[in-house]
Amino acid sequence: MKVVASQETGLVNIYLSPLFRGKKEDIVHDTLQSASRTLLSLLLFLGSASIVWAGSAGTISGKVADPVGAAVPKAKVELLRQGTVIRVTEADREGAFTFSPVEAGRYIVRAGVTGFSSQTSAPLDVTGRRTVNVELVLQIGTLRQQIVVSDTGTSLPESQVGASVTVLDQSELSAFNKFDLLDALRQVPGLAVVQTGERGGTTSIFTRGGNSEFNKVLIDGIPANDIGGAVEFANLSASGADELEVFRGANSVLYGADALGSVIQITTRRGATPLPELTYAVDGGNFNTLRQEISLGGIFHQLDYFGDFMDFQTQNSLPNNSFHNETLSANLGWKANPKTDVRFTLRHTGTALGDSNALTFYGLPDDAFQREPETYMGIKVQNQTTSEWRNSLQITSTQLRYSYDEPEPVGIPYLGNYIGDPVNICGANGYCTSGQAILDYGVANGGIYPNLFNSHTAVQSLYALSSYDFKPDVSGSAGFWYDHEGGYTNSDGSLTPTTRNNVGGFLEVHGSLGHRAFATAGIGLEDNAVYGFAATPRVSAAYYVRRPASNSFFNGTKLRFNFGTGIDEPSILNQSLSLYNLLQTLPNGPQLISQYHVAPMGPERSRDFDWGIEQFLANGRVRVGLTGFHENFYDLIAYVSNNLLPELGVPASVAAAVPFGASINSDSYRSLGTEAELEARLNNKMRMQGAYTYTDAIVTQSFASSAQTPAFNPAFPNIAIGIYSPLIGGRPFRVPRNSGNLALIYSKRSLGLAATGYFVSRSDDSTYLTDENYGNTLILPNRDLLNAYQLVDWSGWLDVHRGVTLYAGISNLLDEHYQGAFGYPALPLNFRAGVKFTIGGESWRNK
């Protein structure tokens with residue numbers, strides 16, 4: 001059971017950036033500046049208006065409904081202020097209720113009736129002679145029903161959604177007691193989380209077999225992706241996070257480029273108590289781990305505020321592998337008037353990591369290090385224009401910087417290069433090899449020291465959303481967004497800049513029929529600076545064969561279907577290496593482009609279907625689900641050598657014009673699979689959840705050199721090996737065929753315990769190695785090269801006194817020695833324990 005308030009959450013983004021603007025963008029930039037000034041004037045007007053409205057009485061009205069939207073009559077409805085019930089009423093035959101008059105202030109509405117679990121609304125602000133509307137959706141049984149926004153861009157109960165969506169709320173994030181959000185994401189079906197090494201190591205998420213760049217990540221609606229889709233999940237700590245929502249499947253209708261495989265939304269906590277709440281937590285553990293976190297949140301009149309600062313540092317267990325993360329989060333909200341909300345959010349992360357490289361392959365650590373400061377900032381205005389019409393406008397800024405520094409070569413000098421120690425390398429498939437690999441190239445062989453690389457991305461965006469309820473069971477949304485992207489990569493002084501202006505929009509309709517069938521259909525349209533126009537349709541539906549009921553063991557059977565399409569724009573590197581760009585730099589390039597109609601690089605694309613069934617059992621205490629999916633990823637970008645370009649239809653004279661090759665939309669693969677889910681409330685204090693995913697992903701076409709010209713290890717002369725990419729017919733690297741998760745959570749008033757498990761089968765990978773004589777003696781067969789593993793964690797907390805909580809956690813409880821990516825040992829058993837102090841807040845007031 002959850003609340004669907006009339007102030008819908010609009011997830012719309014338009015990026016603007018003056019940093020890399022060219023003359024062609026001046027008009028667009030001036031328009032955005034004008035829009036910003038208009039927005040500021042509007043905020044000033046709303047501020048003055050709020051003074052007039054603040055002292056007046058208003059009305060709170062709403063509806064009590066069941067999971068499929070049907071009215072729940074005669075429900076008991078309570079109005080609470082600062083935790084105290086001040087008024088009680090009963091919903092009528094249509095589930096409607098009203099509290100009037102209501103003095104200005106912040107309130108909560110609670111509803112319940114026999115056969116349903118009671119539900120409490122989010123805080124509601126009454127600030128004038130207006131009506132605040134709220135809908136309370138009661139759930140049957142004791143399982144939580146979440147509100148999702150990634151399916152339609154507006155808030156809907158998950159019971160009315162046809163797509164595959166998982167929500168991890170604050171209760172789960174707190175119970176898991178994970179430092180990194182990547183560890184919490186291991187509890188989502190369909191996601192393979194792969195970390196290269198220990199804490200801070202590069203982390204990728206493969207959703208249903210899709211590439212790691214195919215996940216659209218939003219932090220409070222602010223895009224977190226680099227140009228081309230990359231996200232460093234290792235830098236995203238759980239500090240300040242209130243909720244994680246994961247939409248599995250393509251949804252470029254609402255979210256544009258990067259949403260080929262999933263949409264991952266991170267929501268920052270909000271202040272929720274009139275009495276300010278100050279917390280301070282400190283914990284430590286093995287490997288010189290120290291973490292401190294301080295937060296402050298509360299409500300003051302029409303303002304809610306929350307701020308959090310976290311500092312984490314560890315040496316990890318390997319040499320030159322220390323990791324430091326500082327994260328600042330802020331969420332400030334202002335109720336300008338009964339119909340308008342203004343919200344500012346900020347998240348800044350600064351990380352530093354010692355990069356020891358693949359110790360399994362080299363036997364000694366590299367001396368490199370890297371730093372990544374990242375800043376996400378946005379302001380959003382939401383307005384309930386009428387009871388049926390909602391509008392929102394969000395302006396965001398994303399700044400990503402990365403620097404890598406290898407001061408000098410490391411290793412044993414050999415033939416002008418530097419090689420590692422002698423090592424024995426064995427894969428999970430039983431194949432082994434031994435020798436010494438080239439660790440660093442000498443100056444005579446092209447090595448440059450210090451070896452420096454840095455990049456910068458600045459994305460500023462604008463996202464506008466308008467939603468209208470045409471009928472109680474039919475609503476529509478329309479949106480517009482603009483992105484201004486600028487950035488560069490700089491490798492040892494070789495600068496590759498880019499500037500892009502992208503615009504797009506979408507139309508979407510959501511409807512229901514007879515409180516039994518629900519459907520969503522939409523289309524997104526985009527004009528990208530690189531590839532031009534692209535359209536992305538999507539349709540999803542849900543149908544209840546058996547409607548939810550409170551008096552039956554089998555109390556709800558839901559069928560689901562979803563079809564979606566997605567696109568991903570090229571990265572800065574791929575754009576610079578595209579055939580079109582390379583030809584433009586040649587004296588006769590423009591002539592060849594015109595003569596042979598060479599087009600700019602296109603987007604990478606996906607098309608996915610998923611279908612499933614959900615069954616609720618035991619009077620709503622158990623939910624089981626089964627989902628099938630079929631994903632097609634095509635027009636994928638790969639670097640193709642010039643001798644292979646003619647096989648893609650490139651004229652021989654054009655292929656010969658580029659010295660080595662070019663990045664081309666050439667590859668494709670498909671992924672079939674199944675997801676099974678279980679959630680159960682075992683009793684009032686314990687719940688269990690688990691999932692299993694089977695993924696059968698196959699490369700169907702590849703023109704990468706490694707795929708077209710396989711390598712062979714003399715020790716295994718009959719086995720073709722893809723050194724840098726999988727072979728045609730092989731599996732994508734690091735995508736396990738079988739994976740699963742399990743969580744047991746026990747909680748009572750003063751004690752909480754949680755155990756989680758993440759289980760992964762073997763997957764394909766490569767050593768990517770060259771031996772000391774430039775040979776292939778250190779490569780191994782790709783199939784099942786990477787080990788299976790079981791990662792079991794435990795955490796717990798205990799309230800020992802008012803405002804004092806002890807907590808502890810153990811990760812990799814079985815001390816399993818495994819590699820998340822081949823050659824990179826993962827963190828062994830590690831623990832931390834600490835204490836948290838809380839001053840203020842409602843729990844402090846009520847004790």
# chains A, B, ... in the order shown; residues from 1 in each chain; ligands from 1
$ residues_around --residues "Thr360 of chain A" --least-positions-apart "2" --cutoff "8 Å" --atoms "only C-alpha atoms" --output "JSON, numbers by chain"
{"A": [358, 362, 363, 423, 425, 823, 824, 825]}
$ write_last_selection --atoms "C-alpha atoms" --output "compact mmCIF listing (two decimals), in the first residue's frame"
# COMPACT_ATOMS: atom_id res chain seq x y z
CA ALA A 358 45.47 -7.04 -12.63
CA TYR A 362 51.44 -9.50 -13.49
CA GLY A 363 52.34 -10.51 -9.95
CA VAL A 423 52.79 -16.17 -13.00
CA ILE A 425 47.06 -18.32 -14.70
CA GLY A 823 42.67 -11.20 -13.24
CA TYR A 824 41.38 -8.82 -10.54
CA PRO A 825 41.05 -10.39 -7.06
$ residues_around --residues "segment 228-231 of chain A" --least-positions-apart "2" --cutoff "6 Å" --atoms "only C-alpha atoms" --output "mmCIF file with all heavy atoms, in the first residue's frame"
data_model
loop_
_atom_site.group_PDB
_atom_site.id
_atom_site.type_symbol
_atom_site.label_atom_id
_atom_site.label_comp_id
_atom_site.auth_asym_id
_atom_site.auth_seq_id
_atom_site.Cartn_x
_atom_site.Cartn_y
_atom_site.Cartn_z
ATOM 1 N N GLU A 213 27.066 0.242 -20.894
ATOM 2 C CA GLU A 213 26.711 1.630 -21.212
ATOM 3 C C GLU A 213 25.223 1.789 -21.486
ATOM 4 O O GLU A 213 24.773 2.893 -21.834
ATOM 5 C CB GLU A 213 27.492 2.120 -22.438
ATOM 6 C CG GLU A 213 28.991 2.204 -22.247
ATOM 7 C CD GLU A 213 29.673 0.884 -22.503
ATOM 8 O OE1 GLU A 213 28.982 -0.061 -22.956
ATOM 9 O OE2 GLU A 213 30.894 0.780 -22.245
ATOM 10 N N ASN A 225 24.884 9.904 -16.631
ATOM 11 C CA ASN A 225 25.700 9.232 -17.640
ATOM 12 C C ASN A 225 26.675 10.186 -18.310
ATOM 13 O O ASN A 225 26.368 11.354 -18.542
ATOM 14 C CB ASN A 225 24.813 8.623 -18.724
ATOM 15 C CG ASN A 225 23.853 7.590 -18.186
ATOM 16 O OD1 ASN A 225 22.878 7.932 -17.537
ATOM 17 N ND2 ASN A 225 24.125 6.334 -18.463
ATOM 18 N N ASP A 226 27.843 9.652 -18.642
ATOM 19 C CA ASP A 226 28.772 10.356 -19.500
ATOM 20 C C ASP A 226 28.230 10.312 -20.933
ATOM 21 O O ASP A 226 27.302 9.559 -21.240
ATOM 22 C CB ASP A 226 30.145 9.689 -19.442
ATOM 23 C CG ASP A 226 31.271 10.626 -19.853
ATOM 24 O OD1 ASP A 226 30.988 11.674 -20.464
ATOM 25 O OD2 ASP A 226 32.444 10.303 -19.585
ATOM 26 N N PHE A 233 29.728 3.120 -11.430
ATOM 27 C CA PHE A 233 28.899 2.751 -10.288
ATOM 28 C C PHE A 233 29.705 2.632 -8.998
ATOM 29 O O PHE A 233 29.135 2.716 -7.906
ATOM 30 C CB PHE A 233 28.173 1.436 -10.577
ATOM 31 C CG PHE A 233 27.047 1.570 -11.567
ATOM 32 C CD1 PHE A 233 27.256 1.327 -12.917
ATOM 33 C CD2 PHE A 233 25.782 1.952 -11.161
ATOM 34 C CE1 PHE A 233 26.231 1.463 -13.842
ATOM 35 C CE2 PHE A 233 24.747 2.087 -12.072
ATOM 36 C CZ PHE A 233 24.970 1.838 -13.421
ATOM 37 N N ASP A 258 20.738 6.415 -24.035
ATOM 38 C CA ASP A 258 21.319 5.609 -22.957
ATOM 39 C C ASP A 258 20.339 4.615 -22.356
ATOM 40 O O ASP A 258 20.769 3.681 -21.668
ATOM 41 C CB ASP A 258 21.918 6.456 -21.823
ATOM 42 C CG ASP A 258 22.889 7.505 -22.313
ATOM 43 O OD1 ASP A 258 23.573 7.243 -23.324
ATOM 44 O OD2 ASP A 258 22.956 8.591 -21.713
ATOM 45 N N GLU A 569 23.645 7.270 -27.841
ATOM 46 C CA GLU A 569 24.472 8.108 -28.693
ATOM 47 C C GLU A 569 25.930 7.687 -28.590
ATOM 48 O O GLU A 569 26.356 7.096 -27.599
ATOM 49 C CB GLU A 569 24.314 9.580 -28.318
ATOM 50 C CG GLU A 569 24.814 9.933 -26.944
ATOM 51 C CD GLU A 569 24.713 11.431 -26.663
ATOM 52 O OE1 GLU A 569 24.581 12.197 -27.629
ATOM 53 O OE2 GLU A 569 24.765 11.825 -25.494
ATOM 54 N N PRO A 570 26.747 7.973 -29.617
ATOM 55 C CA PRO A 570 28.160 7.594 -29.584
ATOM 56 C C PRO A 570 28.920 8.348 -28.495
ATOM 57 O O PRO A 570 28.604 9.494 -28.171
ATOM 58 C CB PRO A 570 28.669 7.977 -30.982
ATOM 59 C CG PRO A 570 27.444 8.144 -31.824
ATOM 60 C CD PRO A 570 26.364 8.596 -30.896
ATOM 61 N N SER A 571 29.931 7.702 -27.962
ATOM 62 C CA SER A 571 30.824 8.372 -27.023
ATOM 63 C C SER A 571 31.709 9.363 -27.780
ATOM 64 O O SER A 571 31.759 9.368 -29.016
ATOM 65 C CB SER A 571 31.696 7.343 -26.301
ATOM 66 O OG SER A 571 32.584 6.721 -27.228
#
$ select_by_dssp --residues "segment 328-474 of chain A" --states "strand (DSSP E)" --output "PyMOL selection string"
chain A and resi 328-337+340-355+368-384+389-406+412-414+417-419+423-426+432-435+438-440+451-471+474
$ closest_atom_pairs --of "segment 444-560 of chain A" --to "segment 609-632 of chain A" --cutoff "8 Å" --atoms "only C-alpha atoms" --output "tab-separated table"
residue	atom	partner	partner_atom	distance
A:Pro548	CA	A:Phe616	CA	8.0
A:Ala549	CA	A:Asn619	CA	7.8
A:Ser550	CA	A:Asn619	CA	5.9
A:Asn551	CA	A:Asn619	CA	6.5
A:Ser552	CA	A:Asn619	CA	5.9
A:Phe553	CA	A:Ala618	CA	4.6
A:Phe554	CA	A:Leu617	CA	4.9
A:Asn555	CA	A:Phe616	CA	5.6
A:Gly556	CA	A:Phe616	CA	5.2
A:Thr557	CA	A:Gln615	CA	4.7
A:Lys558	CA	A:Glu614	CA	5.0
A:Leu559	CA	A:Ile613	CA	4.5
A:Arg560	CA	A:Gly612	CA	5.0
$ write_last_selection --atoms "N, CA and C atoms" --output "short mmCIF file (atom, residue, chain, number, x, y, z; two decimals), in the first residue's frame"
data_model
loop_
_atom_site.label_atom_id
_atom_site.label_comp_id
_atom_site.auth_asym_id
_atom_site.auth_seq_id
_atom_site.Cartn_x
_atom_site.Cartn_y
_atom_site.Cartn_z
N PRO A 548 -7.23 -8.70 -7.13
CA PRO A 548 -6.84 -8.85 -5.72
C PRO A 548 -8.05 -8.90 -4.80
N ALA A 549 -8.02 -9.81 -3.84
CA ALA A 549 -9.10 -9.97 -2.87
C ALA A 549 -8.49 -10.28 -1.52
N SER A 550 -9.19 -9.90 -0.45
CA SER A 550 -8.64 -10.05 0.90
C SER A 550 -9.09 -11.32 1.60
N ASN A 551 -9.89 -12.12 0.92
CA ASN A 551 -10.44 -13.31 1.58
C ASN A 551 -10.16 -14.58 0.81
N SER A 552 -9.01 -14.64 0.13
CA SER A 552 -8.71 -15.80 -0.70
C SER A 552 -7.23 -16.13 -0.61
N PHE A 553 -6.90 -17.43 -0.66
CA PHE A 553 -5.49 -17.83 -0.67
C PHE A 553 -4.84 -17.36 -1.97
N PHE A 554 -5.50 -17.61 -3.11
CA PHE A 554 -5.03 -17.08 -4.39
C PHE A 554 -5.73 -15.73 -4.60
N ASN A 555 -5.06 -14.67 -4.20
CA ASN A 555 -5.78 -13.39 -4.13
C ASN A 555 -5.23 -12.35 -5.08
N GLY A 556 -4.96 -12.76 -6.32
CA GLY A 556 -4.54 -11.80 -7.34
C GLY A 556 -3.61 -12.45 -8.35
N THR A 557 -4.02 -12.47 -9.60
CA THR A 557 -3.20 -13.02 -10.67
C THR A 557 -3.06 -11.96 -11.76
N LYS A 558 -1.84 -11.54 -12.03
CA LYS A 558 -1.59 -10.44 -12.95
C LYS A 558 -0.72 -10.91 -14.11
N LEU A 559 -1.14 -10.62 -15.33
CA LEU A 559 -0.35 -10.86 -16.54
C LEU A 559 0.27 -9.55 -16.99
N ARG A 560 1.52 -9.61 -17.46
CA ARG A 560 2.22 -8.40 -17.88
C ARG A 560 2.83 -8.58 -19.26
#
$ decode --residues "segment 484-512 of chain A" --atoms "N, CA and C atoms" --output "PDB file, in the first residue's frame"
ATOM      1  N   HIS A 484      22.467  20.204 -23.813  1.00  0.00           N
ATOM      2  CA  HIS A 484      23.691  20.791 -24.363  1.00  0.00           C
ATOM      3  C   HIS A 484      24.856  20.037 -23.748  1.00  0.00           C
ATOM      4  N   GLU A 485      25.553  19.280 -24.584  1.00  0.00           N
ATOM      5  CA  GLU A 485      26.651  18.431 -24.119  1.00  0.00           C
ATOM      6  C   GLU A 485      27.967  18.975 -24.637  1.00  0.00           C
ATOM      7  N   GLY A 486      28.931  19.037 -23.773  1.00  0.00           N
ATOM      8  CA  GLY A 486      30.270  19.432 -24.174  1.00  0.00           C
ATOM      9  C   GLY A 486      31.288  18.607 -23.433  1.00  0.00           C
ATOM     10  N   GLY A 487      32.400  18.323 -24.051  1.00  0.00           N
ATOM     11  CA  GLY A 487      33.407  17.538 -23.362  1.00  0.00           C
ATOM     12  C   GLY A 487      34.626  17.307 -24.215  1.00  0.00           C
ATOM     13  N   TYR A 488      35.599  16.652 -23.609  1.00  0.00           N
ATOM     14  CA  TYR A 488      36.811  16.303 -24.333  1.00  0.00           C
ATOM     15  C   TYR A 488      37.473  15.116 -23.652  1.00  0.00           C
ATOM     16  N   THR A 489      38.305  14.432 -24.409  1.00  0.00           N
ATOM     17  CA  THR A 489      39.244  13.464 -23.853  1.00  0.00           C
ATOM     18  C   THR A 489      40.637  13.936 -24.236  1.00  0.00           C
ATOM     19  N   ASN A 490      41.583  13.764 -23.323  1.00  0.00           N
ATOM     20  CA  ASN A 490      42.943  14.246 -23.538  1.00  0.00           C
ATOM     21  C   ASN A 490      43.906  13.137 -23.148  1.00  0.00           C
ATOM     22  N   SER A 491      44.510  12.514 -24.154  1.00  0.00           N
ATOM     23  CA  SER A 491      45.455  11.432 -23.917  1.00  0.00           C
ATOM     24  C   SER A 491      46.854  11.905 -24.265  1.00  0.00           C
ATOM     25  N   ASP A 492      47.632  12.174 -23.224  1.00  0.00           N
ATOM     26  CA  ASP A 492      49.017  12.618 -23.396  1.00  0.00           C
ATOM     27  C   ASP A 492      49.122  13.791 -24.365  1.00  0.00           C
ATOM     28  N   GLY A 493      48.203  14.759 -24.219  1.00  0.00           N
ATOM     29  CA  GLY A 493      48.238  15.975 -25.025  1.00  0.00           C
ATOM     30  C   GLY A 493      47.434  15.911 -26.299  1.00  0.00           C
ATOM     31  N   SER A 494      46.884  14.741 -26.654  1.00  0.00           N
ATOM     32  CA  SER A 494      46.056  14.616 -27.844  1.00  0.00           C
ATOM     33  C   SER A 494      44.604  14.873 -27.460  1.00  0.00           C
ATOM     34  N   LEU A 495      44.096  16.055 -27.833  1.00  0.00           N
ATOM     35  CA  LEU A 495      42.784  16.508 -27.367  1.00  0.00           C
ATOM     36  C   LEU A 495      41.708  16.164 -28.394  1.00  0.00           C
ATOM     37  N   THR A 496      40.602  15.590 -27.893  1.00  0.00           N
ATOM     38  CA  THR A 496      39.459  15.266 -28.747  1.00  0.00           C
ATOM     39  C   THR A 496      38.224  15.910 -28.152  1.00  0.00           C
ATOM     40  N   PRO A 497      37.818  17.097 -28.631  1.00  0.00           N
ATOM     41  CA  PRO A 497      36.655  17.785 -28.058  1.00  0.00           C
ATOM     42  C   PRO A 497      35.374  17.474 -28.837  1.00  0.00           C
ATOM     43  N   THR A 498      34.259  17.766 -28.219  1.00  0.00           N
ATOM     44  CA  THR A 498      32.973  17.674 -28.912  1.00  0.00           C
ATOM     45  C   THR A 498      31.990  18.627 -28.265  1.00  0.00           C
ATOM     46  N   THR A 499      31.032  19.091 -29.056  1.00  0.00           N
ATOM     47  CA  THR A 499      29.916  19.894 -28.569  1.00  0.00           C
ATOM     48  C   THR A 499      28.660  19.419 -29.287  1.00  0.00           C
ATOM     49  N   ARG A 500      27.598  19.163 -28.528  1.00  0.00           N
ATOM     50  CA  ARG A 500      26.370  18.655 -29.128  1.00  0.00           C
ATOM     51  C   ARG A 500      25.172  19.377 -28.531  1.00  0.00           C
ATOM     52  N   ASN A 501      24.185  19.626 -29.370  1.00  0.00           N
ATOM     53  CA  ASN A 501      22.895  20.140 -28.932  1.00  0.00           C
ATOM     54  C   ASN A 501      21.829  19.160 -29.404  1.00  0.00           C
ATOM     55  N   ASN A 502      21.149  18.543 -28.467  1.00  0.00           N
ATOM     56  CA  ASN A 502      20.148  17.530 -28.779  1.00  0.00           C
ATOM     57  C   ASN A 502      18.793  17.978 -28.243  1.00  0.00           C
ATOM     58  N   VAL A 503      17.765  17.774 -29.037  1.00  0.00           N
ATOM     59  CA  VAL A 503      16.411  18.103 -28.598  1.00  0.00           C
ATOM     60  C   VAL A 503      15.511  16.894 -28.834  1.00  0.00           C
ATOM     61  N   GLY A 504      14.432  16.846 -28.087  1.00  0.00           N
ATOM     62  CA  GLY A 504      13.500  15.739 -28.249  1.00  0.00           C
ATOM     63  C   GLY A 504      12.206  15.993 -27.516  1.00  0.00           C
ATOM     64  N   GLY A 505      11.282  15.100 -27.723  1.00  0.00           N
ATOM     65  CA  GLY A 505      10.000  15.182 -27.048  1.00  0.00           C
ATOM     66  C   GLY A 505       9.308  13.834 -27.075  1.00  0.00           C
ATOM     67  N   PHE A 506       8.190  13.736 -26.379  1.00  0.00           N
ATOM     68  CA  PHE A 506       7.467  12.473 -26.362  1.00  0.00           C
ATOM     69  C   PHE A 506       5.995  12.716 -26.088  1.00  0.00           C
ATOM     70  N   LEU A 507       5.187  11.745 -26.456  1.00  0.00           N
ATOM     71  CA  LEU A 507       3.769  11.685 -26.149  1.00  0.00           C
ATOM     72  C   LEU A 507       3.485  10.309 -25.569  1.00  0.00           C
ATOM     73  N   GLU A 508       2.672  10.273 -24.509  1.00  0.00           N
ATOM     74  CA  GLU A 508       2.371   8.985 -23.889  1.00  0.00           C
ATOM     75  C   GLU A 508       0.968   9.032 -23.291  1.00  0.00           C
ATOM     76  N   VAL A 509       0.274   7.894 -23.363  1.00  0.00           N
ATOM     77  CA  VAL A 509      -1.082   7.765 -22.840  1.00  0.00           C
ATOM     78  C   VAL A 509      -1.126   6.559 -21.923  1.00  0.00           C
ATOM     79  N   HIS A 510      -1.785   6.731 -20.777  1.00  0.00           N
ATOM     80  CA  HIS A 510      -1.982   5.636 -19.829  1.00  0.00           C
ATOM     81  C   HIS A 510      -3.471   5.534 -19.508  1.00  0.00           C
ATOM     82  N   GLY A 511      -3.987   4.306 -19.525  1.00  0.00           N
ATOM     83  CA  GLY A 511      -5.406   4.124 -19.251  1.00  0.00           C
ATOM     84  C   GLY A 511      -5.695   2.804 -18.574  1.00  0.00           C
ATOM     85  N   SER A 512      -6.918   2.694 -18.026  1.00  0.00           N
ATOM     86  CA  SER A 512      -7.357   1.461 -17.379  1.00  0.00           C
ATOM     87  C   SER A 512      -8.788   1.169 -17.801  1.00  0.00           C
TER      88      SER A 512
END
